[in-house]
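For reference, the structure discussed in these notes is given below.
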Amino acid sequence: MDAVKCITERRSIRSFKPDAVSEELLRSVVETASYAPSWKHSQTARYIAVTGEKKAELAKYTTIWAGNGAIIESAPVVMALCSIKSRSGYERDGSPSTVRGDYWQHFDAGIAAEAYCLAAYEKGLGTVILGLFDYDDVAKLLALPENMEVAALIPTGFYEEHPAAPKRKDVNDLLTIIS
Ligand SMILES: Cc1cc2nc3c(=O)[nH]c(=O)nc-3n(C[C@H](O)[C@H](O)[C@H](O)COP(=O)(O)O)c2cc1C
C-alpha cells in the first residue's frame, strides 16, 4: 500500500468483527513495527497481545472511561504497548542524556504505536490507541516487572465499518516556515 494512502486512510476503529487474528498475522505486524526509529536504537517498545479471559479482565480496568471497556470487549485481541524504563533518553550509567528525563521513552512509544497501527492497517486490521485506562491495575494484570510500564492499549482486529476521517486542521494552522 502506498505510504500516503496508509497514513491518511488509517482510522481509529472502535467496533470489531469477532474473527480471531492469527499469531502469524500479529507477528508480521510487530515485525514491521520494529522498524520504527528509537532513541540511539534503544528499541524499548514491547508488545503484549492480550486475548481470552485476560482480555475480559482488562476491559474492567477502564473505570476512567467505560467506553473503552466496550471497545476492548469488541476486539479479538488487545495489544498492550509497553516500554522498558530508563533506557531511551538515558546513558548506560543510568543518568539522563537530556534535561527531558523519560520524555524520549514516551516519544519512542508514540512512534512505535503509530508504526504498529499503520502496519496493521496495511495488513487489513483495524486499531485504536487507548490512553484512558487504569494504569496500575493493567500493569498488575500483565505482571509487568518494575522496569516496564504500559504506554497504551491498542485493541486490534478486523472491522466492518471504516469511519470517515475526523476533520483535520488546515496546513496553514499547522505549519510555520521561518528564515
Ligand atoms: C495518545 C492517544 C490516546 C487516545 N486515547 C483514546 C481513548 O482512550 N479512547 C478512544 O476511543 N480513542 C482514543 N484515541 C484515538 C483518538 O481519539 C483518534 O486518534 C482521533 O480522534 C483521530 O481519529 P483517527 O485516529 O480516526 O484519525 C487516542 C489517540 C491517541 C493518539
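Residues in the C-alpha cells are numbered from 1 in each chain, the chains being A, B, ... in the order shown, and ligands are numbered from 1 in the order shown.
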Review point. Can you list, as a PyMOL selection string, every residue of stretch 3-173 of chain A that DSSP puts in helix (DSSP H, G or I)?
Key: chain A and resi 3-9+23-33+39-41+52-58+67-74+103-122+135-141+171-173
Per residue of stretch 114-137 of chain A within 12 Å of stretch 38-53 of chain A, note the shortest atom pair and the distance in Å to one decimal, counting only C-alpha atoms, and order the rows by chain and increasing residue number, as JSON lines.
{"residue": "A:Glu114", "atom": "CA", "partner": "A:Ala45", "partner_atom": "CA", "distance": 12.0}
{"residue": "A:Ala115", "atom": "CA", "partner": "A:Ala45", "partner_atom": "CA", "distance": 11.2}
{"residue": "A:Tyr116", "atom": "CA", "partner": "A:Tyr47", "partner_atom": "CA", "distance": 9.6}
**Study point:** Within 8 Å of ligand 1 (only C-alpha atoms and all ligand atoms), residues as an MDAnalysis selection string
**Key:** chainID A and resid 8 10:14 65 67:68 71 110 128:133 152 163:166
Go ahead and save the residues from that selection, with N, CA and C atoms, as a PDB file, in the first residue's frame.
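result-v5.pdb written:
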ATOM      1  N   THR A   8      -3.115   8.396   5.555  1.00  0.00           N
ATOM      2  CA  THR A   8      -4.338   9.219   5.543  1.00  0.00           C
ATOM      3  C   THR A   8      -5.612   8.386   5.725  1.00  0.00           C
ATOM      4  N   ARG A  10      -5.808   5.341   7.444  1.00  0.00           N
ATOM      5  CA  ARG A  10      -5.923   4.632   8.734  1.00  0.00           C
ATOM      6  C   ARG A  10      -6.889   5.403   9.633  1.00  0.00           C
ATOM      7  N   ARG A  11      -7.818   4.698  10.246  1.00  0.00           N
ATOM      8  CA  ARG A  11      -8.774   5.341  11.158  1.00  0.00           C
ATOM      9  C   ARG A  11      -8.773   4.609  12.478  1.00  0.00           C
ATOM     10  N   SER A  12      -9.167   5.291  13.527  1.00  0.00           N
ATOM     11  CA  SER A  12      -9.379   4.615  14.806  1.00  0.00           C
ATOM     12  C   SER A  12     -10.644   3.773  14.686  1.00  0.00           C
ATOM     13  N   ILE A  13     -10.502   2.479  14.969  1.00  0.00           N
ATOM     14  CA  ILE A  13     -11.618   1.528  14.861  1.00  0.00           C
ATOM     15  C   ILE A  13     -12.059   1.147  16.279  1.00  0.00           C
ATOM     16  N   ARG A  14     -13.355   1.280  16.545  1.00  0.00           N
ATOM     17  CA  ARG A  14     -13.849   1.042  17.914  1.00  0.00           C
ATOM     18  C   ARG A  14     -14.848  -0.105  17.995  1.00  0.00           C
ATOM     19  N   TRP A  65     -12.917   5.718  31.886  1.00  0.00           N
ATOM     20  CA  TRP A  65     -13.918   5.949  30.821  1.00  0.00           C
ATOM     21  C   TRP A  65     -14.426   4.597  30.322  1.00  0.00           C
ATOM     22  N   GLY A  67     -16.398   3.683  28.117  1.00  0.00           N
ATOM     23  CA  GLY A  67     -16.462   3.482  26.659  1.00  0.00           C
ATOM     24  C   GLY A  67     -15.311   2.621  26.161  1.00  0.00           C
ATOM     25  N   ASN A  68     -14.155   2.762  26.778  1.00  0.00           N
ATOM     26  CA  ASN A  68     -13.010   1.956  26.341  1.00  0.00           C
ATOM     27  C   ASN A  68     -13.186   0.485  26.699  1.00  0.00           C
ATOM     28  N   ILE A  71     -14.941  -1.128  23.852  1.00  0.00           N
ATOM     29  CA  ILE A  71     -14.035  -1.305  22.695  1.00  0.00           C
ATOM     30  C   ILE A  71     -13.157  -2.543  22.914  1.00  0.00           C
ATOM     31  N   GLY A 110       5.278   6.475  21.338  1.00  0.00           N
ATOM     32  CA  GLY A 110       4.327   7.070  20.399  1.00  0.00           C
ATOM     33  C   GLY A 110       4.657   6.691  18.965  1.00  0.00           C
ATOM     34  N   VAL A 128      -7.115   0.962  17.473  1.00  0.00           N
ATOM     35  CA  VAL A 128      -7.340   2.275  18.088  1.00  0.00           C
ATOM     36  C   VAL A 128      -6.394   2.360  19.289  1.00  0.00           C
ATOM     37  N   ILE A 129      -5.735   3.485  19.413  1.00  0.00           N
ATOM     38  CA  ILE A 129      -4.840   3.693  20.556  1.00  0.00           C
ATOM     39  C   ILE A 129      -5.692   4.161  21.734  1.00  0.00           C
ATOM     40  N   LEU A 130      -5.581   3.490  22.884  1.00  0.00           N
ATOM     41  CA  LEU A 130      -6.330   3.909  24.078  1.00  0.00           C
ATOM     42  C   LEU A 130      -5.375   4.445  25.145  1.00  0.00           C
ATOM     43  N   GLY A 131      -5.706   5.640  25.641  1.00  0.00           N
ATOM     44  CA  GLY A 131      -4.926   6.222  26.729  1.00  0.00           C
ATOM     45  C   GLY A 131      -5.690   6.265  28.037  1.00  0.00           C
ATOM     46  N   LEU A 132      -7.027   6.077  27.938  1.00  0.00           N
ATOM     47  CA  LEU A 132      -7.867   6.152  29.137  1.00  0.00           C
ATOM     48  C   LEU A 132      -8.107   4.746  29.705  1.00  0.00           C
ATOM     49  N   PHE A 133      -7.294   4.369  30.659  1.00  0.00           N
ATOM     50  CA  PHE A 133      -7.480   3.086  31.358  1.00  0.00           C
ATOM     51  C   PHE A 133      -6.761   3.186  32.698  1.00  0.00           C
ATOM     52  N   ALA A 152       0.327   2.285  26.176  1.00  0.00           N
ATOM     53  CA  ALA A 152      -1.020   2.414  25.604  1.00  0.00           C
ATOM     54  C   ALA A 152      -1.590   1.022  25.375  1.00  0.00           C
ATOM     55  N   PRO A 163     -14.748   4.242   9.517  1.00  0.00           N
ATOM     56  CA  PRO A 163     -15.362   5.563   9.663  1.00  0.00           C
ATOM     57  C   PRO A 163     -14.678   6.630   8.810  1.00  0.00           C
ATOM     58  N   ALA A 164     -15.419   7.700   8.556  1.00  0.00           N
ATOM     59  CA  ALA A 164     -14.841   8.834   7.828  1.00  0.00           C
ATOM     60  C   ALA A 164     -13.818   9.519   8.727  1.00  0.00           C
ATOM     61  N   ALA A 165     -12.847  10.154   8.103  1.00  0.00           N
ATOM     62  CA  ALA A 165     -11.793  10.826   8.886  1.00  0.00           C
ATOM     63  C   ALA A 165     -12.349  12.058   9.584  1.00  0.00           C
ATOM     64  N   PRO A 166     -12.091  12.184  10.891  1.00  0.00           N
ATOM     65  CA  PRO A 166     -12.440  13.456  11.535  1.00  0.00           C
ATOM     66  C   PRO A 166     -11.651  14.577  10.850  1.00  0.00           C
TER      67      PRO A 166
END
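Note that atom CA of A:Phe16 and atom CA of A:Tyr121 are 13.4 Å apart.
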Point to revise | Between atom CA of A:Ala109 and atom CA of A:Lys167, distance in Å (one decimal) | key: 25.1 Å
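Of note, atom CA of A:Ala75 and atom CA of A:Ala143 are spaced 21.3 Å apart.
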Check your understanding: Skipping near chain neighbours, those fewer than 4 positions away, what residues fall within 7 Å of A:Cys6 using only C-alpha atoms, listed as a list of chain:residue names?
Key -> A:Met1, A:Asp2, A:Arg10, A:Leu118, A:Glu122
Exercise for review: Enumerate the residues of stretch 1-147 of chain A with a DSSP assignment of strand (DSSP E), computed from the backbone, and present them as JSON, numbers by chain.
Suggested key: {"A": [45, 46, 47, 48, 49, 50, 77, 78, 79, 80, 81, 82, 83, 84, 126, 127]}
Written selection (N, CA and C atoms) as a PDB file, in the first residue's frame:
ATOM      1  N   ALA A  45      10.330  -0.504  23.009  1.00  0.00           N
ATOM      2  CA  ALA A  45       8.909  -0.886  22.917  1.00  0.00           C
ATOM      3  C   ALA A  45       8.760  -2.407  22.993  1.00  0.00           C
ATOM      4  N   ARG A  46       7.763  -2.841  23.749  1.00  0.00           N
ATOM      5  CA  ARG A  46       7.437  -4.274  23.840  1.00  0.00           C
ATOM      6  C   ARG A  46       5.938  -4.432  23.623  1.00  0.00           C
ATOM      7  N   TYR A  47       5.554  -5.544  23.019  1.00  0.00           N
ATOM      8  CA  TYR A  47       4.157  -5.761  22.639  1.00  0.00           C
ATOM      9  C   TYR A  47       3.624  -7.006  23.340  1.00  0.00           C
ATOM     10  N   ILE A  48       2.564  -6.839  24.115  1.00  0.00           N
ATOM     11  CA  ILE A  48       1.942  -7.998  24.782  1.00  0.00           C
ATOM     12  C   ILE A  48       0.520  -8.139  24.223  1.00  0.00           C
ATOM     13  N   ALA A  49       0.276  -9.244  23.530  1.00  0.00           N
ATOM     14  CA  ALA A  49      -1.047  -9.481  22.924  1.00  0.00           C
ATOM     15  C   ALA A  49      -1.947 -10.147  23.967  1.00  0.00           C
ATOM     16  N   VAL A  50      -3.044  -9.479  24.317  1.00  0.00           N
ATOM     17  CA  VAL A  50      -3.939  -9.974  25.364  1.00  0.00           C
ATOM     18  C   VAL A  50      -5.228 -10.475  24.719  1.00  0.00           C
ATOM     19  N   VAL A  77      -8.311  -9.071  20.050  1.00  0.00           N
ATOM     20  CA  VAL A  77      -7.017  -9.007  20.735  1.00  0.00           C
ATOM     21  C   VAL A  77      -6.710  -7.554  21.085  1.00  0.00           C
ATOM     22  N   VAL A  78      -6.133  -7.367  22.260  1.00  0.00           N
ATOM     23  CA  VAL A  78      -5.689  -6.020  22.655  1.00  0.00           C
ATOM     24  C   VAL A  78      -4.171  -6.061  22.804  1.00  0.00           C
ATOM     25  N   MET A  79      -3.504  -5.236  22.026  1.00  0.00           N
ATOM     26  CA  MET A  79      -2.050  -5.172  22.140  1.00  0.00           C
ATOM     27  C   MET A  79      -1.709  -4.151  23.218  1.00  0.00           C
ATOM     28  N   ALA A  80      -1.048  -4.629  24.268  1.00  0.00           N
ATOM     29  CA  ALA A  80      -0.562  -3.701  25.300  1.00  0.00           C
ATOM     30  C   ALA A  80       0.832  -3.274  24.856  1.00  0.00           C
ATOM     31  N   LEU A  81       0.941  -2.016  24.483  1.00  0.00           N
ATOM     32  CA  LEU A  81       2.247  -1.491  24.067  1.00  0.00           C
ATOM     33  C   LEU A  81       2.959  -1.014  25.326  1.00  0.00           C
ATOM     34  N   CYS A  82       4.073  -1.649  25.630  1.00  0.00           N
ATOM     35  CA  CYS A  82       4.802  -1.356  26.871  1.00  0.00           C
ATOM     36  C   CYS A  82       6.176  -0.790  26.542  1.00  0.00           C
ATOM     37  N   SER A  83       6.781  -0.132  27.543  1.00  0.00           N
ATOM     38  CA  SER A  83       8.126   0.414  27.369  1.00  0.00           C
ATOM     39  C   SER A  83       9.021  -0.099  28.481  1.00  0.00           C
ATOM     40  N   ILE A  84      10.274  -0.364  28.116  1.00  0.00           N
ATOM     41  CA  ILE A  84      11.293  -0.617  29.139  1.00  0.00           C
ATOM     42  C   ILE A  84      11.746   0.755  29.629  1.00  0.00           C
ATOM     43  N   GLY A 126      -7.831  -3.285  11.819  1.00  0.00           N
ATOM     44  CA  GLY A 126      -8.150  -2.003  12.427  1.00  0.00           C
ATOM     45  C   GLY A 126      -7.547  -1.922  13.820  1.00  0.00           C
ATOM     46  N   THR A 127      -7.282  -0.708  14.263  1.00  0.00           N
ATOM     47  CA  THR A 127      -6.690  -0.475  15.592  1.00  0.00           C
ATOM     48  C   THR A 127      -7.245   0.827  16.160  1.00  0.00           C
TER      49      THR A 127
END
